$ cat start16.tsv   # TSV, C-alpha atoms
chain	number	residue	atom	x	y	z
A	1	MET	CA	-16.38	-14.68	-13.29
A	2	LYS	CA	-18.50	-12.07	-11.51
A	3	ASP	CA	-20.46	-9.99	-13.98
A	4	VAL	CA	-20.81	-6.29	-13.14
A	5	SER	CA	-21.90	-3.50	-15.46
A	6	LEU	CA	-20.67	0.04	-14.88
A	7	ASP	CA	-23.17	1.62	-17.26
A	8	GLU	CA	-25.71	2.35	-14.51
A	9	VAL	CA	-23.16	3.35	-11.85
A	10	VAL	CA	-23.05	7.09	-11.21
A	11	TYR	CA	-21.13	7.22	-7.93
A	12	PHE	CA	-18.09	5.50	-6.40
A	13	PRO	CA	-17.89	6.18	-2.64
A	14	SER	CA	-14.85	5.04	-0.68
A	15	LEU	CA	-15.73	3.83	2.81
A	16	ARG	CA	-14.16	1.72	5.53
A	17	THR	CA	-15.66	-1.18	7.42
A	18	GLN	CA	-16.06	0.99	10.52
A	19	PRO	CA	-19.36	0.94	12.46
A	20	ALA	CA	-20.59	4.42	11.52
A	21	GLU	CA	-19.80	4.04	7.82
A	22	LEU	CA	-21.32	0.58	7.61
A	23	LEU	CA	-24.49	1.72	9.38
A	24	GLY	CA	-24.95	4.70	7.06
A	25	LEU	CA	-24.48	2.44	4.03
A	26	ARG	CA	-26.63	-0.37	5.41
A	27	GLU	CA	-29.61	1.95	5.88
A	28	LEU	CA	-29.45	3.26	2.32
A	29	ASP	CA	-32.27	1.95	0.15
A	30	ARG	CA	-31.49	-0.73	-2.41
A	31	ALA	CA	-32.51	1.39	-5.41
A	32	ARG	CA	-29.81	3.94	-4.64
A	33	LYS	CA	-27.26	1.24	-3.82
A	34	ARG	CA	-27.75	-0.14	-7.32
A	35	ARG	CA	-26.54	3.15	-8.79
A	36	MET	CA	-23.26	3.13	-6.85
A	37	LEU	CA	-20.23	0.87	-6.63
A	38	PRO	CA	-18.78	1.33	-3.13
A	39	LEU	CA	-15.07	0.82	-2.55
A	40	LEU	CA	-14.89	-0.74	0.92
A	41	THR	CA	-11.52	-0.82	2.65
A	42	LEU	CA	-11.33	-3.70	5.12
A	43	THR	CA	-10.16	-2.24	8.43
A	44	PRO	CA	-9.24	-4.51	11.34
A	45	THR	CA	-10.23	-4.01	14.95
A	46	PRO	CA	-7.86	-4.81	17.83
A	47	ARG	CA	-10.46	-6.94	19.60
A	48	MET	CA	-10.28	-9.88	17.19
A	49	PRO	CA	-7.55	-12.37	16.20
A	50	ALA	CA	-5.41	-11.34	13.26
A	51	LEU	CA	-6.63	-12.99	10.05
A	52	VAL	CA	-10.10	-13.65	11.45
A	53	ASP	CA	-10.49	-9.91	11.83
A	54	PHE	CA	-10.14	-9.30	8.08
A	55	ARG	CA	-12.65	-12.06	7.50
A	56	HIS	CA	-15.04	-10.41	9.92
A	57	ALA	CA	-14.69	-7.09	8.09
A	58	ALA	CA	-15.30	-8.84	4.77
A	59	ARG	CA	-18.44	-10.50	6.14
A	60	GLN	CA	-19.70	-7.15	7.38
A	61	ALA	CA	-19.22	-5.63	3.93
A	62	GLU	CA	-21.07	-8.54	2.34
A	63	GLU	CA	-23.98	-8.24	4.77
A	64	VAL	CA	-24.33	-4.51	4.18
A	65	MET	CA	-24.38	-4.82	0.38
A	66	ARG	CA	-26.82	-7.79	0.35
A	67	SER	CA	-25.57	-9.43	-2.86
A	68	LEU	CA	-25.11	-6.17	-4.78
A	69	PRO	CA	-21.63	-5.66	-6.32
A	70	TYR	CA	-18.95	-3.75	-4.42
A	71	LEU	CA	-15.17	-3.33	-4.42
A	72	VAL	CA	-12.90	-4.43	-1.57
A	73	ASP	CA	-9.46	-3.08	-0.79
A	74	LEU	CA	-6.89	-3.56	1.97
A	75	GLY	CA	-5.33	-0.12	2.02
A	76	ARG	CA	-1.96	0.40	3.63
A	77	ALA	CA	-0.45	-1.88	6.26
A	78	PRO	CA	-2.32	-1.36	9.56
A	79	SER	CA	-0.59	-0.89	12.89
A	80	GLU	CA	-2.66	-3.79	14.22
A	81	HIS	CA	-2.67	-7.20	12.47
A	82	ALA	CA	0.18	-6.31	10.13
A	83	ALA	CA	1.09	-10.00	9.82
A	84	ALA	CA	-2.38	-10.84	8.54
A	85	TRP	CA	-2.21	-7.95	6.08
A	86	ARG	CA	1.17	-9.17	4.78
A	87	GLN	CA	-0.25	-12.65	4.30
A	88	LEU	CA	-3.10	-11.37	2.17
A	89	VAL	CA	-0.79	-9.25	-0.02
A	90	ASP	CA	1.71	-12.07	-0.61
A	91	PRO	CA	2.59	-11.60	-4.32
A	92	ALA	CA	3.09	-15.33	-4.95
A	93	GLN	CA	1.11	-16.69	-7.91
A	94	GLY	CA	-0.37	-13.34	-8.81
A	95	PHE	CA	-1.49	-12.53	-5.25
A	96	ARG	CA	-3.40	-15.81	-5.13
A	97	LEU	CA	-4.33	-15.54	-1.43
A	98	TRP	CA	-5.95	-12.14	-1.95
A	99	ARG	CA	-7.94	-13.33	-4.95
A	100	GLU	CA	-9.13	-16.46	-3.15
A	101	PHE	CA	-10.06	-14.40	-0.09
A	102	VAL	CA	-12.33	-12.15	-2.16
A	103	GLN	CA	-13.83	-15.08	-4.12
A	104	GLY	CA	-15.41	-16.29	-0.90
A	105	HIS	CA	-17.74	-13.27	-0.76
A	106	PRO	CA	-20.55	-13.01	-3.33
A	107	GLY	CA	-20.73	-9.58	-4.90
A	108	ALA	CA	-17.17	-8.63	-3.90
A	109	LEU	CA	-14.65	-7.52	-6.52
A	110	PRO	CA	-10.97	-7.11	-5.57
A	111	VAL	CA	-8.97	-3.93	-6.03
A	112	VAL	CA	-5.53	-4.72	-7.43
A	113	GLN	CA	-3.04	-4.74	-4.55
A	114	ALA	CA	0.29	-2.99	-5.08
A	115	PRO	CA	2.06	-2.71	-1.70
A	116	ASP	CA	5.30	-0.75	-1.47
A	117	GLY	CA	8.18	-2.69	-2.97
A	118	ALA	CA	5.99	-5.13	-4.89
A	119	ASN	CA	7.40	-6.43	-8.16
A	120	PRO	CA	5.50	-4.69	-11.00
A	121	ARG	CA	5.37	-7.97	-12.92
A	122	ALA	CA	3.65	-9.70	-10.00
A	123	VAL	CA	1.14	-6.84	-9.81
A	124	ALA	CA	0.52	-7.11	-13.56
A	125	GLN	CA	0.00	-10.86	-13.25
A	126	GLN	CA	-2.50	-10.22	-10.46
A	127	ALA	CA	-4.43	-7.89	-12.77
A	128	VAL	CA	-4.48	-10.54	-15.51
A	129	ASP	CA	-5.76	-13.16	-13.08
A	130	ILE	CA	-8.42	-10.78	-11.72
A	131	GLU	CA	-9.60	-10.08	-15.26
A	132	ARG	CA	-9.96	-13.82	-15.90
A	133	GLU	CA	-11.64	-14.64	-12.57
A	134	PHE	CA	-13.74	-11.55	-11.86
A	135	GLY	CA	-14.08	-9.66	-15.14
A	136	LEU	CA	-13.63	-6.11	-13.87
A	137	VAL	CA	-10.09	-4.97	-13.04
A	138	VAL	CA	-9.83	-2.00	-10.65
A	139	PHE	CA	-6.65	-0.08	-9.84
A	140	ARG	CA	-6.39	2.53	-7.08
A	141	LEU	CA	-3.75	5.26	-7.18
A	142	ARG	CA	-3.30	7.46	-4.11
A	143	GLY	CA	-1.75	10.89	-3.61
A	144	ALA	CA	-1.56	14.24	-5.36
A	145	VAL	CA	1.05	13.00	-7.85
A	146	PRO	CA	0.45	9.24	-8.17
A	147	LEU	CA	2.99	6.89	-9.69
A	148	THR	CA	1.37	5.37	-12.75
A	149	THR	CA	4.08	3.19	-14.31
A	150	GLY	CA	2.94	-0.01	-12.62
A	151	VAL	CA	-0.72	0.52	-13.55
A	152	GLU	CA	0.17	1.25	-17.16
A	153	LEU	CA	2.35	-1.86	-17.33
A	154	ALA	CA	-0.53	-3.92	-15.96
A	155	LEU	CA	-3.05	-2.39	-18.38
A	156	ASP	CA	-0.85	-3.46	-21.28
A	157	GLN	CA	-1.10	-7.07	-20.11
A	158	LEU	CA	-4.90	-7.20	-20.04
A	159	ASP	CA	-7.07	-8.67	-22.78
A	160	ALA	CA	-9.42	-5.69	-22.59
A	161	PRO	CA	-7.48	-2.81	-20.98
A	162	GLY	CA	-10.06	-0.27	-22.05
A	163	GLN	CA	-12.66	-1.97	-19.87
A	164	ALA	CA	-10.64	-1.59	-16.66
A	165	LEU	CA	-11.25	1.06	-14.00
A	166	VAL	CA	-8.59	3.35	-12.53
A	167	VAL	CA	-9.43	5.21	-9.31
A	168	LEU	CA	-7.49	8.43	-8.76
A	169	ASP	CA	-7.77	9.01	-5.01
A	170	PHE	CA	-6.36	12.41	-4.06
A	171	GLY	CA	-6.76	11.91	-0.32
A	172	THR	CA	-8.37	13.82	2.52
A	173	GLU	CA	-6.73	17.26	2.53
A	174	ARG	CA	-9.32	19.95	1.76
A	175	ASP	CA	-6.78	22.74	1.30
A	176	TRP	CA	-5.10	21.28	-1.77
A	177	LEU	CA	-7.79	19.02	-3.22
A	178	LEU	CA	-8.77	21.30	-6.12
A	179	GLY	CA	-5.10	21.78	-6.97
A	180	CYS	CA	-5.04	18.11	-8.04
A	181	ALA	CA	-7.36	18.76	-10.98
A	182	GLY	CA	-4.51	19.60	-13.38
A	183	ASN	CA	-2.65	16.36	-12.64
A	184	ALA	CA	-5.86	14.39	-13.09
A	185	ARG	CA	-6.64	16.05	-16.43
A	186	ASP	CA	-3.16	15.28	-17.75
A	187	LEU	CA	-3.48	11.61	-16.79
A	188	VAL	CA	-6.96	11.29	-18.27
A	189	LEU	CA	-5.85	12.79	-21.58
A	190	ARG	CA	-2.80	10.53	-21.75
A	191	TRP	CA	-4.75	7.40	-20.94
A	192	ARG	CA	-7.61	8.31	-23.26
A	193	ALA	CA	-5.16	8.52	-26.17
A	194	ARG	CA	-3.81	5.07	-25.34
A	195	TRP	CA	-6.95	3.28	-24.11
A	196	PRO	CA	-9.98	5.22	-25.41
A	197	ASP	CA	-12.52	3.15	-23.45
A	198	LEU	CA	-10.71	3.21	-20.11
A	199	ARG	CA	-12.88	4.41	-17.24
A	200	VAL	CA	-11.41	6.70	-14.56
A	201	VAL	CA	-12.85	7.65	-11.17
A	202	VAL	CA	-11.72	10.91	-9.59
A	203	MET	CA	-12.16	11.09	-5.83
A	204	GLY	CA	-10.96	12.91	-2.75
A	205	ASN	CA	-12.39	14.23	0.49
A	206	SER	CA	-12.95	17.83	1.52
A	207	PHE	CA	-14.81	17.09	4.76
A	208	PRO	CA	-12.44	18.51	7.40
A	209	SER	CA	-11.29	16.76	10.54
A	210	ALA	CA	-12.69	19.53	12.74
A	211	ALA	CA	-15.82	20.86	11.03
A	212	GLN	CA	-17.33	21.57	14.41
A	213	ALA	CA	-14.86	24.46	14.81
A	214	LEU	CA	-16.13	26.19	11.67
A	215	GLY	CA	-19.10	28.44	11.07
A	216	ARG	CA	-20.58	31.38	12.91
A	217	ALA	CA	-21.24	31.73	16.62
A	218	PRO	CA	-23.79	34.57	16.96
A	219	THR	CA	-24.05	34.35	20.77
A	220	GLY	CA	-20.63	33.33	21.99
A	221	GLU	CA	-19.14	29.90	21.39
A	222	PHE	CA	-22.51	28.13	21.06
A	223	PRO	CA	-24.75	27.69	19.17
A	224	ARG	CA	-22.61	27.40	16.07
A	225	SER	CA	-23.96	26.97	12.56
A	226	GLY	CA	-22.25	26.72	9.23
A	227	ARG	CA	-22.17	25.64	5.61
A	228	LEU	CA	-19.24	24.04	3.88
A	229	ALA	CA	-18.81	23.58	0.13
A	230	LEU	CA	-18.35	20.00	-1.08
A	231	LEU	CA	-15.18	20.44	-3.14
A	232	GLU	CA	-15.12	16.90	-4.55
A	233	ARG	CA	-17.90	17.81	-6.96
A	234	GLU	CA	-15.94	20.80	-8.23
A	235	LEU	CA	-12.84	18.61	-8.64
A	236	HIS	CA	-14.86	16.23	-10.80
A	237	ARG	CA	-16.18	19.07	-12.97
A	238	ARG	CA	-12.70	20.54	-13.44
A	239	VAL	CA	-11.27	17.22	-14.55
A	240	ASP	CA	-13.99	16.03	-16.93
A	241	ALA	CA	-17.53	15.33	-15.79
A	242	SER	CA	-18.29	12.77	-18.47
A	243	ALA	CA	-19.41	9.18	-18.74
A	244	ARG	CA	-15.79	7.99	-18.81
A	245	VAL	CA	-14.61	10.10	-15.86
A	246	ALA	CA	-16.81	9.17	-12.93
A	247	TYR	CA	-17.35	10.81	-9.57
A	248	GLY	CA	-16.20	9.42	-6.25
A	249	ASP	CA	-15.49	10.65	-2.72
A	250	HIS	CA	-14.89	9.43	0.83
A	251	GLY	CA	-18.51	9.52	1.92
A	252	SER	CA	-18.03	12.70	4.03
A	253	VAL	CA	-15.73	10.88	6.48
A	254	HIS	CA	-12.33	12.28	7.39
A	255	ALA	CA	-10.63	8.96	8.07
A	256	PRO	CA	-7.97	10.04	10.60
A	257	SER	CA	-10.56	11.55	12.93
A	258	GLU	CA	-13.51	9.14	12.88
A	259	PRO	CA	-14.26	7.20	14.93
A	260	GLY	CA	-12.51	9.07	17.71
A	261	ALA	CA	-12.91	10.19	21.28
A	262	GLU	CA	-16.46	10.91	22.38
A	263	TRP	CA	-17.59	14.52	22.57
A	264	PRO	CA	-17.86	16.30	25.93
A	265	PRO	CA	-21.16	15.73	27.76
A	266	GLY	CA	-23.96	17.71	26.20
A	267	LEU	CA	-22.19	18.47	22.90
A	268	VAL	CA	-23.89	17.49	19.64
A	269	ARG	CA	-23.15	18.23	15.99
A	270	ILE	CA	-25.59	17.27	13.24
A	271	ASP	CA	-24.68	17.49	9.55
A	272	TYR	CA	-27.00	17.60	6.56
A	273	THR	CA	-25.78	17.15	2.98
A	274	ARG	CA	-27.67	18.82	0.15
A	275	GLN	CA	-26.92	20.47	-3.19
A	276	GLY	CA	-23.14	20.57	-3.14
A	277	GLU	CA	-22.59	21.50	0.49
A	278	TRP	CA	-22.68	20.30	4.07
A	279	ARG	CA	-24.76	22.21	6.57
A	280	PHE	CA	-23.94	21.66	10.22
A	281	GLU	CA	-25.44	22.67	13.53
A	282	ARG	CA	-23.48	22.41	16.75
A	283	ARG	CA	-24.99	22.73	20.21
A	284	LEU	CA	-23.74	22.41	23.78
A	285	ARG	CA	-26.50	22.07	26.35
A	286	SER	CA	-26.98	20.50	29.76
A	287	THR	CA	-28.05	17.20	28.21
A	288	VAL	CA	-27.36	15.46	24.90
A	289	ASP	CA	-31.09	15.11	24.20
A	290	GLU	CA	-31.64	18.84	24.60
A	291	ALA	CA	-28.69	19.65	22.34
A	292	SER	CA	-29.85	17.08	19.77
A	293	GLN	CA	-33.36	18.49	19.67
A	294	GLU	CA	-32.17	22.06	19.20
A	295	ALA	CA	-29.61	21.20	16.51
A	296	ALA	CA	-32.02	18.89	14.67
A	297	SER	CA	-34.79	21.49	14.75
A	298	ALA	CA	-32.45	24.02	13.15
A	299	ILE	CA	-31.63	21.52	10.36
A	300	VAL	CA	-35.29	20.69	9.71
A	301	SER	CA	-36.48	24.31	9.67
A	302	GLY	CA	-33.67	25.40	7.36
A	303	ALA	CA	-34.04	22.67	4.71
A	304	PRO	CA	-37.01	23.08	2.32
A	305	GLY	CA	-38.69	19.76	1.63
A	306	PHE	CA	-36.91	18.03	4.50
A	307	GLY	CA	-37.98	14.40	4.79
A	308	GLU	CA	-39.57	14.12	1.35
A	309	ARG	CA	-36.92	11.67	0.14
A	310	GLY	CA	-37.78	9.15	2.85
A	311	LEU	CA	-34.16	8.70	3.95
A	312	TRP	CA	-33.16	6.93	7.14
A	313	GLY	CA	-30.86	9.82	8.05
A	314	GLU	CA	-33.65	12.36	7.64
A	315	HIS	CA	-35.91	10.23	9.83
A	316	ALA	CA	-33.24	10.19	12.56
A	317	ILE	CA	-32.93	13.99	12.46
A	318	GLN	CA	-36.71	14.46	12.48
A	319	GLU	CA	-37.03	12.14	15.47
A	320	ALA	CA	-34.41	14.17	17.33
A	321	ALA	CA	-36.25	17.39	16.47
A	322	ASN	CA	-39.39	15.81	17.95
A	323	GLY	CA	-37.55	15.02	21.17
A	324	ARG	CA	-36.93	11.34	20.43
A	325	ALA	CA	-33.18	11.26	19.86
A	326	PHE	CA	-31.91	8.13	18.12
A	327	ALA	CA	-28.31	9.28	18.21
A	328	ARG	CA	-26.47	10.34	21.32
A	329	GLY	CA	-22.81	10.01	20.31
A	330	ARG	CA	-20.34	10.89	17.62
A	331	GLU	CA	-20.54	7.59	15.71
A	332	GLU	CA	-24.33	7.63	15.48
A	333	TRP	CA	-24.43	11.14	14.05
A	334	THR	CA	-21.60	10.25	11.68
A	335	ALA	CA	-23.73	7.35	10.40
A	336	VAL	CA	-26.60	9.78	9.80
A	337	ARG	CA	-24.33	12.13	7.84
A	338	VAL	CA	-22.90	9.26	5.76
A	339	ASN	CA	-26.39	8.00	4.91
A	340	LEU	CA	-27.55	11.46	3.81
A	341	HIS	CA	-24.33	12.10	1.91
A	342	LEU	CA	-24.48	8.86	-0.06
A	343	ALA	CA	-28.13	9.35	-0.99
A	344	THR	CA	-27.57	12.95	-2.03
A	345	GLN	CA	-24.60	12.15	-4.25
A	346	VAL	CA	-26.50	9.35	-6.00
A	347	ASP	CA	-29.54	11.56	-6.60
A	348	GLU	CA	-27.56	14.53	-7.85
A	349	MET	CA	-25.21	12.48	-10.02
A	350	ILE	CA	-28.22	10.79	-11.66
A	351	GLU	CA	-29.47	14.27	-12.55
A	352	GLU	CA	-26.05	15.32	-13.88
A	353	ALA	CA	-25.73	12.14	-15.94
A	354	ALA	CA	-29.13	12.78	-17.48
A	355	ALA	CA	-28.17	16.37	-18.28
A	356	TYR	CA	-24.91	15.22	-19.86
A	357	THR	CA	-26.80	12.72	-22.03
A	358	ARG	CA	-29.22	15.42	-23.19
A	359	ALA	CA	-26.49	17.98	-23.90
A	360	PRO	CA	-25.59	16.85	-27.47
A	361	CYS	CA	-29.26	16.99	-28.46
A	362	ALA	CA	-29.59	20.47	-27.01
A	363	ALA	CA	-26.54	21.51	-29.01
A	364	GLY	CA	-28.21	20.37	-32.21
A	365	SER	CA	-26.33	17.14	-32.93
A	366	PRO	CA	-29.02	14.63	-34.03
A	367	SER	CA	-26.47	11.87	-34.51
A	368	SER	CA	-25.79	11.96	-30.76
A	369	CYS	CA	-29.47	11.86	-29.76
$ encode --input "start16.tsv" --output "structure tokens"
Amino acid sequence: MKDVSLDEVVYFPSLRTQPAELLGLRELDRARKRRMLPLLTLTPTPRMPALVDFRHAARQAEEVMRSLPYLVDLGRAPSEHAAAWRQLVDPAQGFRLWREFVQGHPGALPVVQAPDGANPRAVAQQAVDIEREFGLVVFRLRGAVPLTTGVELALDQLDAPGQALVVLDFGTERDWLLGCAGNARDLVLRWRARWPDLRVVVMGNSFPSAAQALGRAPTGEFPRSGRLALLERELHRRVDASARVAYGDHGSVHAPSEPGAEWPPGLVRIDYTRQGEWRFERRLRSTVDEASQEAASAIVSGAPGFGERGLWGEHAIQEAANGRAFARGREEWTAVRVNLHLATQVDEMIEEAAAYTRAPCAAGSPSSC
């Protein structure tokens, strides 16, 4: 059994084993990593043989987390390596192949797999076996109106259903993300009545697929600057920002668009996450280095206390502002944004958790102090 405590976890980011996301996570300091439990979806690459590719992704996740606990998921069937995916989600013997696959990676904890058409009893048996072998049982429900019957059936089969974790993942559509709060509240209230200790994570993603097209352009098309509210935090507050309803998001990555085609020559966009919003600067100049320096300088000059946290992503932006660009392409700057986003969410959620703990005392309830 792998022992993991959720008491110190304040943040549940969902990432994929793609280069930019792994780099941003890898460069996060260990102290902040200890306060999060990342949900890493293993994503295959066409360059490698089928099943070996999932193993490669799993090894990458293990290397990035360096023995700290993390969750692993398979997501939906990929267009590439579908046969390997089907092998891992074979429901025989409580999804034995999936459980054995995850057991081979220290620190990894499996998300319960429930592919379309799977027998609910086989899924429930998988949850029972995961509870026995790993301790923590994690379910992931996707979509604005998730189907919960299978999860509830599985929870009833567990020895300690109140100690499981259910992730409500409302997807990547910014326009309707906040509209999911009502559905989430209804589910939380229903589950809390049935399993008072059950933990729920509410997550989504409001980072748009084309943020570079937003913002103001004071002198024609470029330069372009902008700020964008981070709606995931508001979703969490609307549902129930408490110890039993935790915060998660997609790490500021809009999955369908990243990684993607490289930008045109000389185009750079740099993003900086702070205090519930993304700030971005977009520049098109004759060279990438020139555009990077101008965009980075605008970020640094507009962010009080920039660099004080000692973050890898801040160092990369400062270097670019000084004319020593680390990043020259889309993936590199995505890694910088992911690193800054993860660190910011951990820091701010630690502050919110502390405020929530102090709230009963402030309200004059000594028994809660």
$ residues_around --input "start16.tsv" --residues "A:Glu281" --least-positions-apart "4" --cutoff "8 Å" --atoms "all atoms listed in the file" --output "NGL selection string"
:A and (223-226 or 269-271 or 295-296 or 298-299)
$ residues_around --input "start16.tsv" --residues "stretch 53-64 of chain A" --least-positions-apart "6" --cutoff "7 Å" --atoms "all atoms listed in the file" --output "list in words"
Thr17, Leu22, Leu25, Arg26, Leu42, Thr43, Pro44, Thr45 and His105 of chain A
$ residues_around --input "start16.tsv" --residues "A:Gln125" --least-positions-apart "3" --cutoff "12 Å" --atoms "all atoms listed in the file" --output "list in words"
Pro91, Ala92, Gln93, Gly94, Phe95, Arg96, Arg99, Val112, Gln113, Ala114, Ala118, Asn119, Pro120, Arg121, Ala122, Val128, Asp129, Ile130, Glu131, Arg132, Val137, Gly150, Val151, Leu153, Ala154, Leu155, Asp156, Gln157 and Leu158 of chain A
$ residues_around --input "start16.tsv" --residues "A:Arg238" --least-positions-apart "3" --cutoff "10 Å" --atoms "only C-alpha atoms" --output "list in words"
Leu178, Cys180, Ala181, Gly182, Ala184, Arg185, Glu232, Arg233, Glu234, Leu235 and Ala241 of chain A
$ atom_distance --input "start16.tsv" --atom1 "atom CA of A:Glu277" --atom2 "atom CA of A:Arg227"
6.6 Å
$ residues_around --input "start16.tsv" --residues "stretch 168-173 of chain A" --least-positions-apart "3" --cutoff "12 Å" --atoms "only C-alpha atoms" --output "PyMOL selection string"
chain A and resi 12-14+39+75+138-148+151+165+176-185+187-188+199-209+231-232+235-236+239+245-257
$ write_last_selection --input "start16.tsv" --atoms "C-alpha atoms" --output "mmCIF file, in the frame of the given file"
data_model
loop_
_atom_site.group_PDB
_atom_site.id
_atom_site.type_symbol
_atom_site.label_atom_id
_atom_site.label_comp_id
_atom_site.auth_asym_id
_atom_site.auth_seq_id
_atom_site.Cartn_x
_atom_site.Cartn_y
_atom_site.Cartn_z
ATOM 1 C CA PHE A 12 -18.090 5.500 -6.400
ATOM 2 C CA PRO A 13 -17.890 6.180 -2.640
ATOM 3 C CA SER A 14 -14.850 5.040 -0.680
ATOM 4 C CA LEU A 39 -15.070 0.820 -2.550
ATOM 5 C CA GLY A 75 -5.330 -0.120 2.020
ATOM 6 C CA VAL A 138 -9.830 -2.000 -10.650
ATOM 7 C CA PHE A 139 -6.650 -0.080 -9.840
ATOM 8 C CA ARG A 140 -6.390 2.530 -7.080
ATOM 9 C CA LEU A 141 -3.750 5.260 -7.180
ATOM 10 C CA ARG A 142 -3.300 7.460 -4.110
ATOM 11 C CA GLY A 143 -1.750 10.890 -3.610
ATOM 12 C CA ALA A 144 -1.560 14.240 -5.360
ATOM 13 C CA VAL A 145 1.050 13.000 -7.850
ATOM 14 C CA PRO A 146 0.450 9.240 -8.170
ATOM 15 C CA LEU A 147 2.990 6.890 -9.690
ATOM 16 C CA THR A 148 1.370 5.370 -12.750
ATOM 17 C CA VAL A 151 -0.720 0.520 -13.550
ATOM 18 C CA LEU A 165 -11.250 1.060 -14.000
ATOM 19 C CA TRP A 176 -5.100 21.280 -1.770
ATOM 20 C CA LEU A 177 -7.790 19.020 -3.220
ATOM 21 C CA LEU A 178 -8.770 21.300 -6.120
ATOM 22 C CA GLY A 179 -5.100 21.780 -6.970
ATOM 23 C CA CYS A 180 -5.040 18.110 -8.040
ATOM 24 C CA ALA A 181 -7.360 18.760 -10.980
ATOM 25 C CA GLY A 182 -4.510 19.600 -13.380
ATOM 26 C CA ASN A 183 -2.650 16.360 -12.640
ATOM 27 C CA ALA A 184 -5.860 14.390 -13.090
ATOM 28 C CA ARG A 185 -6.640 16.050 -16.430
ATOM 29 C CA LEU A 187 -3.480 11.610 -16.790
ATOM 30 C CA VAL A 188 -6.960 11.290 -18.270
ATOM 31 C CA ARG A 199 -12.880 4.410 -17.240
ATOM 32 C CA VAL A 200 -11.410 6.700 -14.560
ATOM 33 C CA VAL A 201 -12.850 7.650 -11.170
ATOM 34 C CA VAL A 202 -11.720 10.910 -9.590
ATOM 35 C CA MET A 203 -12.160 11.090 -5.830
ATOM 36 C CA GLY A 204 -10.960 12.910 -2.750
ATOM 37 C CA ASN A 205 -12.390 14.230 0.490
ATOM 38 C CA SER A 206 -12.950 17.830 1.520
ATOM 39 C CA PHE A 207 -14.810 17.090 4.760
ATOM 40 C CA PRO A 208 -12.440 18.510 7.400
ATOM 41 C CA SER A 209 -11.290 16.760 10.540
ATOM 42 C CA LEU A 231 -15.180 20.440 -3.140
ATOM 43 C CA GLU A 232 -15.120 16.900 -4.550
ATOM 44 C CA LEU A 235 -12.840 18.610 -8.640
ATOM 45 C CA HIS A 236 -14.860 16.230 -10.800
ATOM 46 C CA VAL A 239 -11.270 17.220 -14.550
ATOM 47 C CA VAL A 245 -14.610 10.100 -15.860
ATOM 48 C CA ALA A 246 -16.810 9.170 -12.930
ATOM 49 C CA TYR A 247 -17.350 10.810 -9.570
ATOM 50 C CA GLY A 248 -16.200 9.420 -6.250
ATOM 51 C CA ASP A 249 -15.490 10.650 -2.720
ATOM 52 C CA HIS A 250 -14.890 9.430 0.830
ATOM 53 C CA GLY A 251 -18.510 9.520 1.920
ATOM 54 C CA SER A 252 -18.030 12.700 4.030
ATOM 55 C CA VAL A 253 -15.730 10.880 6.480
ATOM 56 C CA HIS A 254 -12.330 12.280 7.390
ATOM 57 C CA ALA A 255 -10.630 8.960 8.070
ATOM 58 C CA PRO A 256 -7.970 10.040 10.600
ATOM 59 C CA SER A 257 -10.560 11.550 12.930
#
$ atom_distance --input "start16.tsv" --atom1 "atom CA of A:Arg237" --atom2 "atom CA of A:Arg16"
25.4 Å
$ closest_residue --input "start16.tsv" --among "A:Ala127, A:Leu15, A:Leu23, A:Val111" --to "A:Pro38" --atoms "only C-alpha atoms"
A:Leu15
$ atom_distance --input "start16.tsv" --atom1 "atom CA of A:Glu21" --atom2 "atom CA of A:Leu37"
14.8 Å
$ closest_residue --input "start16.tsv" --among "A:Asn339, A:Gln18, A:Thr334, A:Thr344" --to "A:Gln275" --atoms "only C-alpha atoms"
A:Thr344
$ closest_residue --input "start16.tsv" --among "A:Lys2, A:Arg66, A:Arg34, A:Arg86" --to "A:Leu136" --atoms "all atoms listed in the file"
A:Lys2
$ closest_residue --input "start16.tsv" --among "A:Trp191, A:Phe134, A:Phe280, A:Trp85" --to "A:Pro161" --atoms "all atoms listed in the file"
A:Trp191
$ axis_aligned_box --input "start16.tsv" --around "stretch 316-322 of chain A" --padding-each-side "5 Å" --output "lines of an AutoDock Vina configuration file"
center_x = -36.2
center_y = 13.8
center_z = 15.2
size_x = 16.5
size_y = 17.2
size_z = 15.5
$ closest_residue --input "start16.tsv" --among "A:Ala291, A:Leu228, A:Ile350, A:Ala355" --to "A:Glu8" --atoms "all atoms listed in the file"
A:Ile350
